[in-house]
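Participant: Below is one structure. I have some questions about it.
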Amino acid sequence: MSFPTFAASPSDWTRYLFFTGKGGVGKTSLSCATALRLAEGGRRVLLVSTDPASNLDEVLGLTLSNSPTAIPGMDGLSALNIDPEEAARVYRERVIGPMRGILPEAALRSMEEGLSGSCTVEIAAFDEFTGLIGNPSTGENFDHIVFDTAPTGHTLRLMSLAKAWDHFLDENTSGASCLGPLAGLQKQKSIYEATVKTLADKSLTTLVLVTRPQIASLREAERTSLELRELGVGNQTVVVNGLFQTRLTDDALASEMQRRGEEALERAAGFLSTLPVTTVGLRPRNILGVAGLRSIFEDTIDLEGGEIHESWTPPDFGGLENFIEELSASRHGVIMTMGKGGVGKTTIAASIAVALAERGHAVHLSTTDPAAHVAEALAGELPGLTVGRIDPIAETEAYRQHVLATAGATMDEASRALLEEDLRSPCTEEIAVFRAFAREVAQGTDKFVVLDTAPTGHTLLLLDATESYQRELNRQARSTQPEEVLRLLERLRDPEFTRILLVTLPEATPVHEAAALQEDLRRAQIEPFGWIINQSLLESGASDPLLRRREQTEHRYLQEVANHLANRVALVRWQIAEPVGVAALLALTRQADLALQSH
């Protein structure tokens, strides 16, 4: 499929521009480049980031705050960073502060953890940037406001129901986690409603769906597009970032990388045919500074320059084989792969399961990935290996029906609408699949259980805090919970029973988001077993000059993980054969070592 290149002509853009997409697709680079292009076209531009893993400061080369800062060397361009975590902290104190000295400490701790999840962070950040949209006077000094990271459909639906909040909050006694934040945001309902209206106005707002030429990334863009179109946010465009084309016919790795990208675009042809699509070619290094941002719009890719050291000694990395040898010695237990979408958790989990089964262990592989074709293809192919799947949709629907039949049974129409929306949140899905995970984890007492996509650290803390609160107030008898749920935290915190593997790519956003996840787990008293750096080009043997430069760009992130973030590291190189089927998955675990890094 052929598409025009991304141009960002100032005459083509609306006042408000939202860049959205999965972590690591290049939202920050493209939003910064677009803001710079608009400013160089004579417009006054404010660039705003609400991404907790944003590297906006790094890209622009200065430290930003939550107030507009003029960017040196970029006339007409200012930027600010909305820190979602800080916004959530301020919001939590606004909600909980009046209750200090009234409720017991256990109750306050439970409330604080209940307001620490992704929904609270997102709504608190939404509270910050609605002032830039719903309150016209706030951004009156700018012609364009460019947002790095857009609100999700869930947040917009909650805001669009603002008129019903008062009655719902008066009647609701269910303690729903995502509606807690709204109790402290009621005074700004008119601004929220104006914001939602502005987002749906195609003359004012453009939604830029940033994706990579990868199946998972394109699927996420399509899901986001449909969800937001249903809410009236229909002025959308797609930018396929990181499209790779090689001029070498004798470089097998480069040829395969190009083929996979083309195949992913072909599979997404139906979706891509519904919207304007432009592309940005894969760059050899991180996009930093004015020159780097301008290069996004250049047809010729510069393979020189940058902070690249030709002579470099990598840390002593081992491969997955080293991890598997250590894991195999325990003969049973739970192994979980965790990390952001698109880093290869499913493939890594499947390869570990296959390698353990080959060693003669009884292994059960389970996933929550709705598109886990790799795992499904393994069923019955290897003695000792069973494959299952936790269906998040089915688990969530069962949970929703239970809550609606109990807490929602006596609500009026408006209150029930808010409850139903609350139950569509990401937090609800996490809680709904919790018991399913507990059932799977319990099997680790007599076999290996390999789980792809585990509950987040926040979910684990929420369960713990909630149980503590309920015990103190004697509101719930522990005997009503299944034994596997009651022992779940105990098992996950036992390093002899559970090993959590953080999977990342050797790139800024996946590494930094995995680091944040590690801290989240540690708050829940769970220490990760190790890190897996997936799809690395280190010593790949590629002759394509762009890929060689990309490999050099990985060095700083490989060093960061090995020297500062991980106790153990395994490196998995980008391989030519697509990792599907038993033989290909075993090949991932048998790549030559560079010696296990352990400190």
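Residue names in the structure tokens use chain letters A, B, ... in the order shown, residue numbers from 1 in each chain, and ligand numbers from 1 in the order shown.
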May I have the residues within 12 Å of Phe129 of chain A as a PDB file with C-alpha atoms, in the first residue's frame, using only C-alpha atoms and disregarding those fewer than 5 positions away in the same chain?

Facilitator:
```pdb
ATOM      1  CA  TYR A  16      -6.884  21.865  18.624  1.00  0.00           C
ATOM      2  CA  PHE A  18      -4.673  15.637  19.629  1.00  0.00           C
ATOM      3  CA  LEU A  46       1.170  25.857  22.693  1.00  0.00           C
ATOM      4  CA  LEU A  47       2.412  22.263  22.958  1.00  0.00           C
ATOM      5  CA  VAL A  48       0.951  20.287  25.871  1.00  0.00           C
ATOM      6  CA  SER A  49       1.884  16.806  27.092  1.00  0.00           C
ATOM      7  CA  THR A  50      -0.313  14.724  29.407  1.00  0.00           C
ATOM      8  CA  ASP A  51       1.655  11.504  28.924  1.00  0.00           C
ATOM      9  CA  ASN A  66       2.843  23.048  34.210  1.00  0.00           C
ATOM     10  CA  SER A  67       2.977  26.654  32.964  1.00  0.00           C
ATOM     11  CA  LEU A  80       4.053  22.781  29.147  1.00  0.00           C
ATOM     12  CA  ASN A  81       3.992  19.383  30.841  1.00  0.00           C
ATOM     13  CA  ILE A  82       0.896  18.338  32.732  1.00  0.00           C
ATOM     14  CA  ASP A  83       2.217  15.780  35.200  1.00  0.00           C
ATOM     15  CA  PRO A  84      -0.678  13.311  35.532  1.00  0.00           C
ATOM     16  CA  ALA A  87      -2.369  16.083  39.202  1.00  0.00           C
ATOM     17  CA  GLU A 122      -6.469  10.125  33.486  1.00  0.00           C
ATOM     18  CA  ILE A 123      -9.415  12.041  34.917  1.00  0.00           C
ATOM     19  CA  ALA A 124      -7.103  14.253  36.993  1.00  0.00           C
ATOM     20  CA  GLY A 134     -13.457  24.383  27.832  1.00  0.00           C
ATOM     21  CA  ASN A 135     -12.343  27.755  29.189  1.00  0.00           C
ATOM     22  CA  PRO A 136     -11.699  29.903  26.060  1.00  0.00           C
ATOM     23  CA  THR A 138      -7.057  30.251  29.063  1.00  0.00           C
ATOM     24  CA  GLY A 139      -5.584  29.626  25.609  1.00  0.00           C
ATOM     25  CA  ILE A 145      -2.920  24.002  21.018  1.00  0.00           C
ATOM     26  CA  VAL A 146      -1.233  20.676  20.264  1.00  0.00           C
ATOM     27  CA  PHE A 147      -1.729  17.837  22.748  1.00  0.00           C
ATOM     28  CA  ASP A 148       0.650  14.911  23.088  1.00  0.00           C
ATOM     29  CA  THR A 149      -1.790  12.163  24.222  1.00  0.00           C
ATOM     30  CA  ALA A 150      -5.549  12.471  23.880  1.00  0.00           C
ATOM     31  CA  PRO A 151      -8.257  11.458  26.362  1.00  0.00           C
ATOM     32  CA  ILE A 191     -16.184  23.256  31.478  1.00  0.00           C
ATOM     33  CA  TYR A 192     -16.179  19.497  30.888  1.00  0.00           C
ATOM     34  CA  THR A 195     -14.667  20.467  26.249  1.00  0.00           C
ATOM     35  CA  VAL A 196     -16.579  17.442  24.979  1.00  0.00           C
TER      36      VAL A 196
END
```

Participant: Please identify the strand (DSSP E or B) residues within segment 193-228 of chain A (assignment by DSSP from backbone atoms) and present them as a count of residues only.

Facilitator: 7

Participant: Considering only C-alpha atoms, can you say which of A:Ala587, A:Leu537, A:Met74, A:Ala432 comes closest to Leu571 of chain A?

Facilitator: A:Leu537

Participant: Give me, as a list in words, all polymer residues having an atom no more than 8 Å from Ile390 of chain A, counting only C-alpha atoms and skipping those fewer than 6 positions away in the same chain.

Facilitator: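 Final neighbour list, sorted by chain and number: Ser366, Thr367, Thr368, Val433, Ala436 and Phe437 of chain A.
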
Participant: Compare A:Thr211, A:Asn286, A:Ser328, A:Thr386 by their minimum atom-to-atom distance to Asn55 of chain A, counting only C-alpha atoms, and give me the closest one.

Facilitator: A:Asn286

Participant: So, with only C-alpha atoms as the atoms that count, which of A:Leu282, A:Ala570, A:Leu56, A:Ile500 lies closest to Gly339 of chain A?

Facilitator: A:Ile500

Participant: Skip segment 501-512 of chain A itself and residues of its chain fewer than 6 positions away, then list as a short mmCIF file (atom, residue, chain, number, x, y, z; two decimals) with N, CA, C and O atoms, in the first residue's frame all residues within 7 Å of it, counting only C-alpha atoms.

Facilitator:
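Resulting contents of around_17.cif:
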```cif
data_model
loop_
_atom_site.label_atom_id
_atom_site.label_comp_id
_atom_site.auth_asym_id
_atom_site.auth_seq_id
_atom_site.Cartn_x
_atom_site.Cartn_y
_atom_site.Cartn_z
N GLY A 23 1.81 3.30 23.49
CA GLY A 23 3.11 3.76 23.94
C GLY A 23 4.22 3.37 22.97
O GLY A 23 4.25 2.25 22.48
N GLY A 24 5.11 4.32 22.69
CA GLY A 24 6.26 4.03 21.85
C GLY A 24 6.05 4.19 20.36
O GLY A 24 6.95 3.88 19.57
N ALA A 53 4.64 9.06 30.66
CA ALA A 53 5.95 8.59 30.21
C ALA A 53 6.53 9.51 29.14
O ALA A 53 7.38 9.12 28.36
N MET A 336 5.17 -14.81 35.06
CA MET A 336 4.33 -13.80 34.41
C MET A 336 5.19 -12.89 33.56
O MET A 336 6.24 -12.42 33.99
N THR A 337 4.73 -12.60 32.35
CA THR A 337 5.36 -11.58 31.52
C THR A 337 4.52 -10.32 31.59
O THR A 337 3.31 -10.35 31.41
N MET A 338 5.17 -9.20 31.89
CA MET A 338 4.47 -7.93 32.03
C MET A 338 5.18 -6.86 31.21
O MET A 338 6.38 -6.92 30.98
N GLY A 339 4.43 -5.86 30.79
CA GLY A 339 4.98 -4.77 30.01
C GLY A 339 3.89 -4.13 29.18
O GLY A 339 2.76 -4.62 29.12
N LYS A 340 4.22 -3.04 28.51
CA LYS A 340 3.25 -2.34 27.70
C LYS A 340 2.92 -3.13 26.43
O LYS A 340 3.69 -3.99 26.00
N VAL A 343 5.26 -4.94 23.03
CA VAL A 343 6.66 -5.28 23.29
C VAL A 343 6.95 -6.75 23.10
O VAL A 343 8.11 -7.17 23.16
N LYS A 345 5.07 -9.51 24.77
CA LYS A 345 4.84 -10.33 25.96
C LYS A 345 4.33 -11.73 25.60
O LYS A 345 4.76 -12.72 26.17
N PRO A 528 10.34 -7.94 40.79
CA PRO A 528 10.47 -8.65 39.51
C PRO A 528 11.69 -9.57 39.51
O PRO A 528 12.74 -9.25 40.08
N PHE A 529 11.55 -10.71 38.84
CA PHE A 529 12.65 -11.67 38.71
C PHE A 529 13.73 -11.12 37.78
O PHE A 529 14.92 -11.29 38.03
N GLY A 530 13.31 -10.49 36.69
CA GLY A 530 14.28 -9.97 35.73
C GLY A 530 13.61 -9.23 34.59
O GLY A 530 12.38 -9.16 34.50
N TRP A 531 14.43 -8.67 33.74
CA TRP A 531 13.98 -7.93 32.56
C TRP A 531 14.37 -8.69 31.30
O TRP A 531 15.43 -9.34 31.26
N ILE A 532 13.52 -8.59 30.28
CA ILE A 532 13.83 -9.14 28.97
C ILE A 532 13.76 -8.01 27.96
O ILE A 532 12.72 -7.37 27.80
N ILE A 533 14.88 -7.74 27.31
CA ILE A 533 14.92 -6.73 26.25
C ILE A 533 14.67 -7.46 24.94
O ILE A 533 15.49 -8.26 24.50
N ASN A 534 13.55 -7.18 24.32
CA ASN A 534 13.10 -7.93 23.15
C ASN A 534 13.39 -7.16 21.86
O ASN A 534 13.46 -5.94 21.84
N GLN A 535 13.55 -7.91 20.77
CA GLN A 535 13.68 -7.37 19.41
C GLN A 535 14.85 -6.39 19.28
O GLN A 535 14.74 -5.35 18.63
N SER A 536 15.97 -6.73 19.90
CA SER A 536 17.14 -5.88 19.80
C SER A 536 17.89 -6.14 18.49
O SER A 536 17.96 -7.28 18.01
N GLU A 554 20.34 2.04 20.15
CA GLU A 554 19.87 1.22 21.26
C GLU A 554 20.81 1.26 22.47
O GLU A 554 20.40 0.98 23.59
N TYR A 557 19.91 2.72 25.93
CA TYR A 557 18.80 2.07 26.65
C TYR A 557 19.21 0.68 27.15
O TYR A 557 18.78 0.25 28.23
N LEU A 558 20.08 0.01 26.40
CA LEU A 558 20.63 -1.25 26.88
C LEU A 558 21.46 -1.02 28.15
O LEU A 558 21.36 -1.78 29.12
#
```

Participant: Give me, as JSON, numbers by chain, the residues of segment 229-315 of chain A that a backbone DSSP run labels alpha helix (DSSP H).

Facilitator: {"A": [229, 230, 252, 253, 254, 255, 256, 257, 258, 259, 260, 261, 262, 263, 264, 265, 266, 267, 269, 270, 271, 272, 289, 290, 291, 292, 293, 294, 295]}

Participant: Restricting the calculation to only C-alpha atoms: of A:Phe497, A:Trp312, A:Tyr91, A:Phe434, which residue gets closest to His332 of chain A?

Facilitator: A:Phe497

Participant: I'd like to know which of A:Thr249, A:Thr237, A:Gln525, A:Ser543 is closest to Leu272 of chain A, using only C-alpha atoms.

Facilitator: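 Once distances to Leu272 of chain A are computed over only C-alpha atoms, the minimum belongs to A:Thr237.
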
Participant: Looking at only C-alpha atoms, which of A:His364, A:Arg15, A:Leu64, A:Thr69 is the one that sits closest to Asp201 of chain A?

Facilitator: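 Under the stated criterion, the closest residue is A:Arg15.
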